[in-house]
$ cat target28.txt   # compact mmCIF, C-alpha atoms and all ligand atoms
# COMPACT_ATOMS: atom_id res chain seq x y z
CA MET A 286 97.22 97.73 82.39
CA THR A 287 97.45 99.36 79.01
CA ALA A 288 95.57 102.42 80.24
CA THR A 289 98.73 103.43 82.04
CA ALA A 290 100.95 102.90 79.02
CA GLU A 291 100.61 106.49 77.91
CA VAL A 292 100.89 107.65 81.51
CA GLU A 293 104.32 106.15 82.06
CA PRO A 294 106.94 108.49 80.67
CA ALA A 295 109.25 105.73 79.45
CA ALA A 296 112.03 108.15 78.53
CA GLU A 297 112.34 109.43 82.09
CA PRO A 298 114.81 107.64 84.29
CA ARG A 299 113.26 105.53 87.05
CA GLY A 300 113.68 107.12 90.43
CA GLU A 301 112.91 110.62 89.21
CA TYR A 302 110.91 112.43 91.88
CA MET A 303 107.28 112.90 91.02
CA LEU A 304 106.67 114.88 94.12
CA GLU A 305 108.92 116.53 96.67
CA LEU A 306 108.05 118.20 99.91
CA ASP A 307 110.79 120.33 101.44
CA ASP A 308 110.34 121.43 104.99
CA VAL A 309 106.60 121.69 104.51
CA GLY A 310 104.46 122.97 107.35
CA LYS A 311 100.79 123.72 107.83
CA SER A 312 99.19 125.78 110.57
CA TYR A 313 95.50 126.15 111.18
CA GLY A 314 95.58 129.40 113.12
CA ASN A 315 97.91 128.50 115.97
CA VAL A 316 97.53 124.73 115.58
CA HIS A 317 100.65 123.37 113.87
CA ALA A 318 99.26 120.33 112.12
CA LEU A 319 102.51 119.72 110.19
CA ARG A 320 106.07 120.93 110.69
CA GLY A 321 109.25 120.46 108.69
CA VAL A 322 107.99 117.57 106.59
CA ASN A 323 110.35 116.24 103.90
CA ILE A 324 108.98 113.57 101.60
CA ARG A 325 110.07 112.27 98.21
CA VAL A 326 107.72 110.29 95.99
CA ARG A 327 109.25 108.38 93.09
CA GLN A 328 107.52 106.71 90.22
CA GLY A 329 107.38 102.95 90.51
CA GLU A 330 107.49 103.16 94.30
CA VAL A 331 104.99 102.90 97.10
CA THR A 332 105.58 105.55 99.74
CA CYS A 333 103.77 104.59 102.93
CA VAL A 334 102.76 107.31 105.36
CA LEU A 335 101.98 105.97 108.80
CA GLY A 336 100.96 107.65 112.00
CA ASP A 337 98.52 107.66 114.84
CA ASN A 338 95.30 109.68 115.05
CA GLY A 339 96.00 113.36 114.76
CA ALA A 340 99.52 112.77 113.42
CA GLY A 341 98.85 114.95 110.38
CA LYS A 342 98.29 112.33 107.68
CA SER A 343 95.06 113.84 106.35
CA THR A 344 96.53 117.31 106.46
CA LEU A 345 99.45 116.09 104.39
CA ILE A 346 97.20 114.51 101.75
CA LYS A 347 95.02 117.60 101.60
CA ILE A 348 98.03 119.72 100.73
CA ILE A 349 99.17 117.35 97.99
CA ALA A 350 95.60 116.90 96.69
CA GLY A 351 94.88 120.62 96.48
CA LEU A 352 92.31 120.91 99.26
CA HIS A 353 94.56 122.97 101.53
CA GLN A 354 97.70 124.98 100.99
CA HIS A 355 100.84 124.59 103.03
CA THR A 356 101.87 127.59 105.10
CA ASP A 357 105.62 126.80 105.16
CA GLY A 358 108.16 125.15 102.93
CA VAL A 359 108.09 124.13 99.30
CA MET A 360 106.24 121.49 97.30
CA ARG A 361 107.50 120.44 93.87
CA VAL A 362 105.56 118.42 91.33
CA GLU A 363 107.83 116.90 88.70
CA GLY A 364 110.48 119.39 89.70
CA LYS A 365 108.25 122.46 89.51
CA GLU A 366 107.41 124.47 92.59
CA THR A 367 103.67 124.24 93.10
CA LYS A 368 100.86 125.40 95.34
CA PHE A 369 97.47 124.11 94.32
CA ASN A 370 94.40 126.30 94.48
CA SER A 371 91.93 123.44 94.07
CA PRO A 372 91.70 119.64 93.77
CA ARG A 373 91.07 120.17 90.05
CA GLU A 374 94.47 121.74 89.65
CA ALA A 375 96.09 118.81 91.39
CA GLN A 376 94.21 116.37 89.17
CA ALA A 377 95.24 118.25 86.07
CA ARG A 378 98.87 117.69 87.14
CA GLY A 379 98.29 113.96 87.48
CA ILE A 380 97.66 113.72 91.22
CA ALA A 381 94.64 111.58 92.04
CA THR A 382 93.30 110.91 95.50
CA VAL A 383 91.16 107.97 96.48
CA TYR A 384 89.35 108.84 99.69
CA GLN A 385 88.03 106.05 101.83
CA ASP A 386 84.38 107.09 101.92
CA LEU A 387 83.99 109.88 99.45
CA ALA A 388 85.47 107.96 96.56
CA LEU A 389 82.21 107.03 94.88
CA ALA A 390 78.50 107.88 94.82
CA PRO A 391 76.80 104.79 96.28
CA LEU A 392 73.46 105.18 94.52
CA MET A 393 74.96 105.63 91.08
CA SER A 394 75.87 102.78 88.77
CA VAL A 395 79.38 101.46 88.25
CA TRP A 396 79.83 103.05 84.81
CA ARG A 397 78.35 106.37 85.97
CA ASN A 398 80.77 106.52 88.86
CA PHE A 399 83.68 105.60 86.64
CA PHE A 400 83.00 108.52 84.27
CA LEU A 401 81.61 111.01 86.78
CA GLY A 402 82.75 114.45 85.64
CA ASN A 403 84.43 113.00 82.51
CA GLU A 404 81.41 111.69 80.60
CA ILE A 405 81.74 110.62 76.99
CA ARG A 406 79.14 112.16 74.72
CA LYS A 407 77.82 111.39 71.29
CA GLY A 408 76.54 114.76 70.18
CA VAL A 409 74.60 116.05 73.18
CA ALA A 410 73.57 112.65 74.48
CA LEU A 411 75.68 110.48 76.77
CA ASP A 412 77.36 107.60 75.02
CA VAL A 413 76.29 105.08 77.62
CA ALA A 414 77.24 101.97 75.67
CA GLU A 415 80.79 103.21 75.15
CA MET A 416 81.20 104.21 78.80
CA LYS A 417 79.94 100.80 79.96
CA ARG A 418 82.31 99.05 77.58
CA ILE A 419 85.36 101.01 78.73
CA ALA A 420 84.52 100.77 82.43
CA GLY A 421 84.02 97.01 82.08
CA GLU A 422 87.33 96.60 80.24
CA GLU A 423 89.30 98.69 82.71
CA LEU A 424 87.91 96.81 85.68
CA GLU A 425 88.63 93.51 84.01
CA LYS A 426 92.25 94.56 83.62
CA MET A 427 92.24 95.02 87.38
CA GLY A 428 90.84 91.53 87.77
CA ILE A 429 87.38 92.65 88.85
CA VAL A 430 84.51 91.24 86.84
CA ILE A 431 81.20 93.01 87.33
CA PRO A 432 78.65 91.52 84.92
CA ASP A 433 76.15 94.33 85.38
CA MET A 434 77.59 97.83 84.90
CA ASP A 435 74.19 99.27 85.94
CA ARG A 436 74.59 97.96 89.46
CA PRO A 437 74.71 100.72 92.05
CA VAL A 438 78.17 100.97 93.54
CA GLY A 439 76.68 100.87 97.03
CA SER A 440 75.81 97.19 96.50
CA LEU A 441 79.44 96.23 95.86
CA SER A 442 81.97 95.14 98.45
CA GLY A 443 84.28 97.71 100.03
CA GLY A 444 87.28 96.21 98.24
CA GLN A 445 85.55 96.35 94.85
CA ARG A 446 84.62 99.97 95.43
CA GLN A 447 88.20 100.90 96.21
CA VAL A 448 89.35 99.14 93.07
CA ILE A 449 86.82 101.03 90.94
CA ALA A 450 88.12 104.31 92.35
CA ILE A 451 91.71 103.22 91.69
CA ALA A 452 90.96 102.00 88.13
CA ARG A 453 89.26 105.30 87.38
CA ALA A 454 92.20 107.36 88.61
CA VAL A 455 94.63 105.30 86.54
CA TYR A 456 92.46 105.43 83.42
CA PHE A 457 92.21 109.21 83.61
CA GLY A 458 95.95 109.64 83.61
CA ALA A 459 97.08 109.78 87.23
CA LYS A 460 100.84 109.80 87.79
CA VAL A 461 100.63 109.93 91.56
CA VAL A 462 97.81 108.13 93.35
CA ILE A 463 97.15 108.87 97.01
CA LEU A 464 95.19 106.26 98.92
CA ASP A 465 93.78 107.44 102.23
CA GLU A 466 93.51 104.41 104.54
CA PRO A 467 92.09 102.18 101.80
CA THR A 468 92.23 99.04 103.92
CA ALA A 469 91.11 100.44 107.27
CA ALA A 470 87.50 99.27 107.00
CA LEU A 471 88.21 96.07 105.09
CA GLY A 472 88.61 92.46 106.18
CA VAL A 473 91.64 90.36 105.40
CA LYS A 474 90.59 89.15 101.94
CA GLN A 475 89.40 92.50 100.67
CA SER A 476 92.47 94.23 102.01
CA GLY A 477 94.40 91.73 99.95
CA VAL A 478 92.50 92.80 96.84
CA VAL A 479 93.38 96.45 97.41
CA LEU A 480 97.01 95.69 98.29
CA LYS A 481 97.36 93.81 94.99
CA TYR A 482 96.26 96.92 93.07
CA ILE A 483 98.74 99.03 94.93
CA VAL A 484 101.43 96.69 93.62
CA LYS A 485 99.95 96.81 90.11
CA MET A 486 100.03 100.59 90.11
CA ARG A 487 103.60 100.57 91.34
CA ASP A 488 104.63 98.15 88.60
CA ALA A 489 102.90 100.31 86.01
CA GLY A 490 105.27 103.09 87.01
CA LEU A 491 102.95 105.26 89.08
CA GLY A 492 103.98 106.90 92.30
CA VAL A 493 101.73 105.59 95.07
CA ILE A 494 101.23 107.24 98.44
CA PHE A 495 99.63 104.77 100.80
CA ILE A 496 98.28 106.22 104.03
CA THR A 497 97.68 103.63 106.71
CA HIS A 498 97.64 102.84 110.41
CA ASN A 499 98.63 99.27 109.68
CA PRO A 500 102.37 98.52 109.55
CA HIS A 501 101.68 94.99 108.31
CA HIS A 502 99.84 96.26 105.25
CA ALA A 503 102.47 98.91 104.69
CA TYR A 504 105.32 96.45 104.85
CA LEU A 505 103.69 94.07 102.38
CA VAL A 506 103.74 96.65 99.58
CA GLY A 507 105.88 99.58 100.67
CA SER A 508 109.17 100.72 99.14
CA HIS A 509 109.59 103.60 101.52
CA PHE A 510 108.16 104.41 104.95
CA VAL A 511 107.46 107.70 106.63
CA ILE A 512 106.04 107.86 110.13
CA LEU A 513 104.40 111.06 111.30
CA LYS A 514 103.93 111.92 114.92
CA LEU A 515 102.28 115.11 116.09
CA GLY A 516 102.91 116.70 112.72
CA ARG A 517 106.59 115.78 112.42
CA VAL A 518 108.41 113.05 110.55
CA VAL A 519 109.89 110.73 113.17
CA LEU A 520 111.05 108.01 110.78
CA ASP A 521 111.92 108.03 107.10
CA ALA A 522 113.42 104.80 105.87
CA HIS A 523 113.77 102.72 102.78
CA ARG A 524 112.64 99.13 102.87
CA ASP A 525 116.23 97.80 103.05
CA GLU A 526 116.87 99.83 106.18
CA LEU A 527 113.97 98.47 108.19
CA THR A 528 112.39 95.19 109.26
CA LEU A 529 108.67 94.67 109.84
CA ASP A 530 109.36 94.35 113.57
CA GLN A 531 111.12 97.69 113.61
CA LEU A 532 108.33 99.34 111.67
CA THR A 533 105.71 97.86 113.96
CA GLY A 534 107.69 98.93 117.00
CA GLU A 535 108.15 102.46 115.68
CA MET A 536 104.48 102.73 114.86
CA ALA A 537 103.41 101.45 118.22
CA GLY A 538 105.82 103.83 119.93
CA GLY A 539 108.10 101.36 121.72
CA GLN A 540 108.35 103.22 125.02
CA GLU A 541 104.62 103.96 125.25
CA LEU A 542 103.84 100.31 124.60
CA ALA A 543 106.20 99.15 127.29
CA GLU A 544 104.45 101.45 129.75
CA LEU A 545 101.02 100.30 128.65
CA SER A 546 102.05 96.70 128.94
CA HIS A 547 103.32 97.38 132.44
CA GLU A 548 100.05 99.08 133.45
CA LEU A 549 97.97 96.27 132.01
CA ARG A 550 100.03 93.66 133.80
CA ALA A 551 99.26 95.42 137.06
CA VAL A 552 95.63 94.34 136.56
CA ASP A 553 96.39 90.67 136.79
CA PRO A 554 93.54 88.50 135.52
CA GLY A 555 92.51 85.88 138.06
CA LYS A 556 93.43 88.06 141.01
CA THR A 557 90.86 89.62 143.24
CA VAL A 558 90.11 93.25 142.62
CA GLU A 559 87.99 95.11 145.17
CA GLY A 560 86.82 91.84 146.60
CA HIS A 561 85.47 90.46 143.31
CA GLU A 562 87.05 87.79 141.28
CA VAL A 563 88.20 89.02 137.93
CA ARG A 564 87.62 86.37 135.29
CA HIS A 565 90.09 85.64 132.62
CA GLY A 566 89.53 87.77 129.59
CA SER A 567 87.40 90.33 131.37
CA VAL A 568 90.14 92.90 131.47
CA GLY A 569 91.61 91.98 128.14
CA SER A 570 94.88 90.30 127.50
CA PRO A 571 97.96 92.29 128.33
CA THR A 572 99.49 91.16 125.07
CA VAL A 573 99.94 94.23 123.00
CA ASP A 574 99.64 93.45 119.37
CA SER A 575 99.90 96.68 117.53
CA GLY A 576 98.36 97.32 114.20
CA SER A 577 95.92 94.41 114.16
CA GLY A 578 93.10 96.47 115.65
CA GLU A 579 92.04 98.31 112.52
CA ASP A 580 91.66 95.22 110.48
CA ALA A 581 89.63 92.97 112.66
CA GLY A 582 86.66 93.09 110.30
CA SER A 583 85.03 89.79 109.50
CA ASP A 584 84.15 90.89 106.01
CA ASP A 585 84.75 87.73 104.09
CA GLU A 586 82.74 88.57 101.04
CA LYS A 587 84.47 87.55 97.85
CA ALA A 588 85.67 90.34 95.65
N1 LIG B 1 90.63 122.23 109.68
C1 LIG B 1 91.35 122.16 110.79
N2 LIG B 1 91.37 123.18 111.68
C2 LIG B 1 92.12 123.13 112.81
N3 LIG B 1 92.88 122.08 113.16
C3 LIG B 1 92.90 121.01 112.33
C4 LIG B 1 92.13 121.00 111.12
N4 LIG B 1 92.36 119.82 110.50
C5 LIG B 1 93.21 119.14 111.30
N5 LIG B 1 93.53 119.84 112.40
C6 LIG B 1 94.45 119.42 113.46
O1 LIG B 1 95.67 119.04 112.87
C7 LIG B 1 96.21 117.88 113.51
C8 LIG B 1 96.43 116.78 112.47
O2 LIG B 1 95.17 116.31 111.99
P1 LIG B 1 95.00 115.27 110.81
O3 LIG B 1 93.56 115.17 110.52
O4 LIG B 1 95.90 115.66 109.69
O5 LIG B 1 95.51 113.91 111.46
P2 LIG B 1 95.46 112.41 110.91
O6 LIG B 1 96.85 111.89 111.01
O7 LIG B 1 94.81 112.37 109.61
O8 LIG B 1 94.56 111.67 112.01
P3 LIG B 1 93.51 110.47 111.81
O9 LIG B 1 94.33 109.20 111.83
O10 LIG B 1 92.71 110.59 113.07
O11 LIG B 1 92.73 110.69 110.58
C9 LIG B 1 95.23 117.49 114.59
O12 LIG B 1 95.72 118.03 115.80
C10 LIG B 1 93.97 118.16 114.19
O13 LIG B 1 93.17 118.49 115.28
MG MG B 2 93.06 111.43 108.85
$ encode --input "target28.txt" --output "structure tokens" --more "lines below"
Ligand SMILES: Nc1ncnc2c1ncn2[C@@H]1O[C@H](COP(=O)(O)OP(=O)(O)OP(=O)(O)O)[C@@H](O)[C@H]1O
Ligand SMILES: [Mg+2]
Amino acid sequence: MTATAEVEPAAEPRGEYMLELDDVGKSYGNVHALRGVNIRVRQGEVTCVLGDNGAGKSTLIKIIAGLHQHTDGVMRVEGKETKFNSPREAQARGIATVYQDLALAPLMSVWRNFFLGNEIRKGVALDVAEMKRIAGEELEKMGIVIPDMDRPVGSLSGGQRQVIAIARAVYFGAKVVILDEPTAALGVKQSGVVLKYIVKMRDAGLGVIFITHNPHHAYLVGSHFVILKLGRVVLDAHRDELTLDQLTGEMAGGQELAELSHELRAVDPGKTVEGHEVRHGSVGSPTVDSGSGEDAGSDDEKA
């Protein structure tokens, strides 16, 4: 990925914080969406942020991406205290966000999407040939070959679309890339495609923030794990301090799962309930397999 060569500040020591949140909080009126959040994002690392619905993940990204401002605490970008007034300001400081749905304009072509807002011109006219060439090259570096750059993005697979959004962010100089649930709507194969690019970005020296519900995906690529619950950090651990089982258990909320399992077992399949026979499978298996729910898509399309 030579596009990132100029992005990676080779002189800086690895492990330097790209982004620091110190005791950051966010209130919407009297709703405390986030409280006392401490997060460190290093270059060359994947920081995974996990949490259930309403945990505060989107709120956290919005603060970092410049859509909202925190109401408490301090955010530092490359050591400098920062409060962004707009997403443009965040982008100018090298923070790119790839949103699940809003990443690209489905009716526009691949090259148009790639250069949206950053078009190359030759005089007053768009330099279409040059933009197609660069977009094609950048995607090829990511291992995605799209023969027709005029194809509308909406006709591509979900995994390919994510990769286009990622390649674009990297090409335009991102130092920190935030991915908001990039694998949530994808099947196994396409999730694999996206997870590979997360690793590529990490190895190119970027700081990656990977938001997900799925501890399995997080553990495959993550260097560092933060779990949010009701706006607070309930776990913050480096990969060496944590096994996949622990992460899965923490995500599922061990105690809550045990209770759920108990409740489900009370409805014993095969037993008679209110005089009717309950067939096997009709109440669902009491096996609680956390994390696999989001990714049950059967999207097998090749990327
Ligand atoms: N604009 C807003 N105004 C008021 N409350 C909000 C606003 N945005 C979020 N909240 C509240 O803040 C809390 C955290 O929401 P947030 O969207 O950050 O959660 P999340 O972890 O992204 O959840 P999900 O997994 O469902 O996307 C929730 O209680 C939510 O209702
Ligand atoms: Mg969210």
$ closest_residue --input "target28.txt" --among "A:Val478, A:Ala410, A:Ala469, A:Ala390" --to "ligand MG 2 (chain B)" --atoms "only C-alpha atoms and all ligand atoms"
A:Ala469
$ residues_near_ligand --input "target28.txt" --ligand "ligand LIG 1 (chain B)" --cutoff "10 Å" --atoms "all atoms listed in the file" --output "PDB file with C-alpha atoms, keeping the file's coordinate frame"
ATOM      1  CA  LYS A 311     100.790 123.720 107.830  1.00  0.00           C
ATOM      2  CA  SER A 312      99.190 125.780 110.570  1.00  0.00           C
ATOM      3  CA  TYR A 313      95.500 126.150 111.180  1.00  0.00           C
ATOM      4  CA  GLY A 314      95.580 129.400 113.120  1.00  0.00           C
ATOM      5  CA  ASN A 315      97.910 128.500 115.970  1.00  0.00           C
ATOM      6  CA  VAL A 316      97.530 124.730 115.580  1.00  0.00           C
ATOM      7  CA  HIS A 317     100.650 123.370 113.870  1.00  0.00           C
ATOM      8  CA  ALA A 318      99.260 120.330 112.120  1.00  0.00           C
ATOM      9  CA  LEU A 319     102.510 119.720 110.190  1.00  0.00           C
ATOM     10  CA  VAL A 334     102.760 107.310 105.360  1.00  0.00           C
ATOM     11  CA  LEU A 335     101.980 105.970 108.800  1.00  0.00           C
ATOM     12  CA  GLY A 336     100.960 107.650 112.000  1.00  0.00           C
ATOM     13  CA  ASP A 337      98.520 107.660 114.840  1.00  0.00           C
ATOM     14  CA  ASN A 338      95.300 109.680 115.050  1.00  0.00           C
ATOM     15  CA  GLY A 339      96.000 113.360 114.760  1.00  0.00           C
ATOM     16  CA  ALA A 340      99.520 112.770 113.420  1.00  0.00           C
ATOM     17  CA  GLY A 341      98.850 114.950 110.380  1.00  0.00           C
ATOM     18  CA  LYS A 342      98.290 112.330 107.680  1.00  0.00           C
ATOM     19  CA  SER A 343      95.060 113.840 106.350  1.00  0.00           C
ATOM     20  CA  THR A 344      96.530 117.310 106.460  1.00  0.00           C
ATOM     21  CA  LEU A 345      99.450 116.090 104.390  1.00  0.00           C
ATOM     22  CA  ILE A 346      97.200 114.510 101.750  1.00  0.00           C
ATOM     23  CA  LYS A 347      95.020 117.600 101.600  1.00  0.00           C
ATOM     24  CA  HIS A 353      94.560 122.970 101.530  1.00  0.00           C
ATOM     25  CA  ASP A 465      93.780 107.440 102.230  1.00  0.00           C
ATOM     26  CA  GLU A 466      93.510 104.410 104.540  1.00  0.00           C
ATOM     27  CA  ILE A 496      98.280 106.220 104.030  1.00  0.00           C
ATOM     28  CA  THR A 497      97.680 103.630 106.710  1.00  0.00           C
ATOM     29  CA  HIS A 498      97.640 102.840 110.410  1.00  0.00           C
ATOM     30  CA  LEU A 513     104.400 111.060 111.300  1.00  0.00           C
ATOM     31  CA  LYS A 514     103.930 111.920 114.920  1.00  0.00           C
ATOM     32  CA  LEU A 515     102.280 115.110 116.090  1.00  0.00           C
ATOM     33  CA  GLY A 516     102.910 116.700 112.720  1.00  0.00           C
TER      34      GLY A 516
END
$ residues_near_point --input "target28.txt" --point "(108.0, 101.6, 103.0)" --cutoff "12 Å" --atoms "only C-alpha atoms" --output "NGL selection string"
:A and (325-326 or 330-335 or 493-497 or 499-512 or 520-529 or 531-533)
$ atom_distance --input "target28.txt" --atom1 "atom CA of A:Phe369" --atom2 "atom CA of A:Gln354"
6.7 Å
$ atom_distance --input "target28.txt" --atom1 "atom CA of A:Ile429" --atom2 "atom CA of A:Lys474"
13.9 Å
$ closest_residue --input "target28.txt" --among "A:Leu392, A:Leu464, A:Ile419, A:Ala459" --to "ligand MG 2 (chain B)" --atoms "all atoms listed in the file"
A:Leu464
$ atom_distance --input "target28.txt" --atom1 "atom CA of A:Ile380" --atom2 "atom CA of A:Ile463"
7.6 Å
$ closest_residue --input "target28.txt" --among "A:Tyr384, A:Arg418, A:Lys426, A:Glu535" --to "ligand MG 2 (chain B)" --atoms "all atoms listed in the file"
A:Tyr384
$ closest_residue --input "target28.txt" --among "A:Ala350, A:Val322, A:Val448, A:Ala414" --to "A:Lys481" --atoms "only C-alpha atoms"
A:Val448
$ residues_around --input "target28.txt" --residues "A:Gly439" --least-positions-apart "3" --cutoff "10 Å" --atoms "all atoms listed in the file" --output "list in words"
Leu389, Ala390, Pro391, Leu392, Met393, Ser394, Val395, Arg436, Ser442, Gly443 and Arg446 of chain A
$ closest_residue --input "target28.txt" --among "A:Gly310, A:Gly408, A:Pro467, A:Gly379" --to "ligand MG 2 (chain B)" --atoms "all atoms listed in the file"
A:Pro467
$ residues_near_point --input "target28.txt" --point "(104.2, 110.3, 88.2)" --cutoff "9 Å" --atoms "all atoms listed in the file" --output "ChimeraX atom specification"
/A:292-294,301-304,326-329,362-363,379-380,459-462,490-493
$ residues_around --input "target28.txt" --residues "A:Pro372" --least-positions-apart "4" --cutoff "7 Å" --atoms "only C-alpha atoms" --output "mmCIF file with C-alpha atoms, in the frame of the given file"
data_model
loop_
_atom_site.group_PDB
_atom_site.id
_atom_site.type_symbol
_atom_site.label_atom_id
_atom_site.label_comp_id
_atom_site.auth_asym_id
_atom_site.auth_seq_id
_atom_site.Cartn_x
_atom_site.Cartn_y
_atom_site.Cartn_z
ATOM 1 C CA ALA A 350 95.600 116.900 96.690
ATOM 2 C CA GLY A 351 94.880 120.620 96.480
ATOM 3 C CA LEU A 352 92.310 120.910 99.260
ATOM 4 C CA GLN A 376 94.210 116.370 89.170
#
$ residues_around --input "target28.txt" --residues "A:Met416" --least-positions-apart "5" --cutoff "9 Å" --atoms "only C-alpha atoms" --output "list in words"
Trp396, Arg397, Phe399, Phe400, Glu404, Ile405, Leu411 and Gly421 of chain A
$ axis_aligned_box --input "target28.txt" --around "stretch 341-347 of chain A" --padding-each-side "3 Å" --output "AutoDock Vina command-line options"
--center_x 97.2 --center_y 115.0 --center_z 106.0 --size_x 10.4 --size_y 11.3 --size_z 14.8
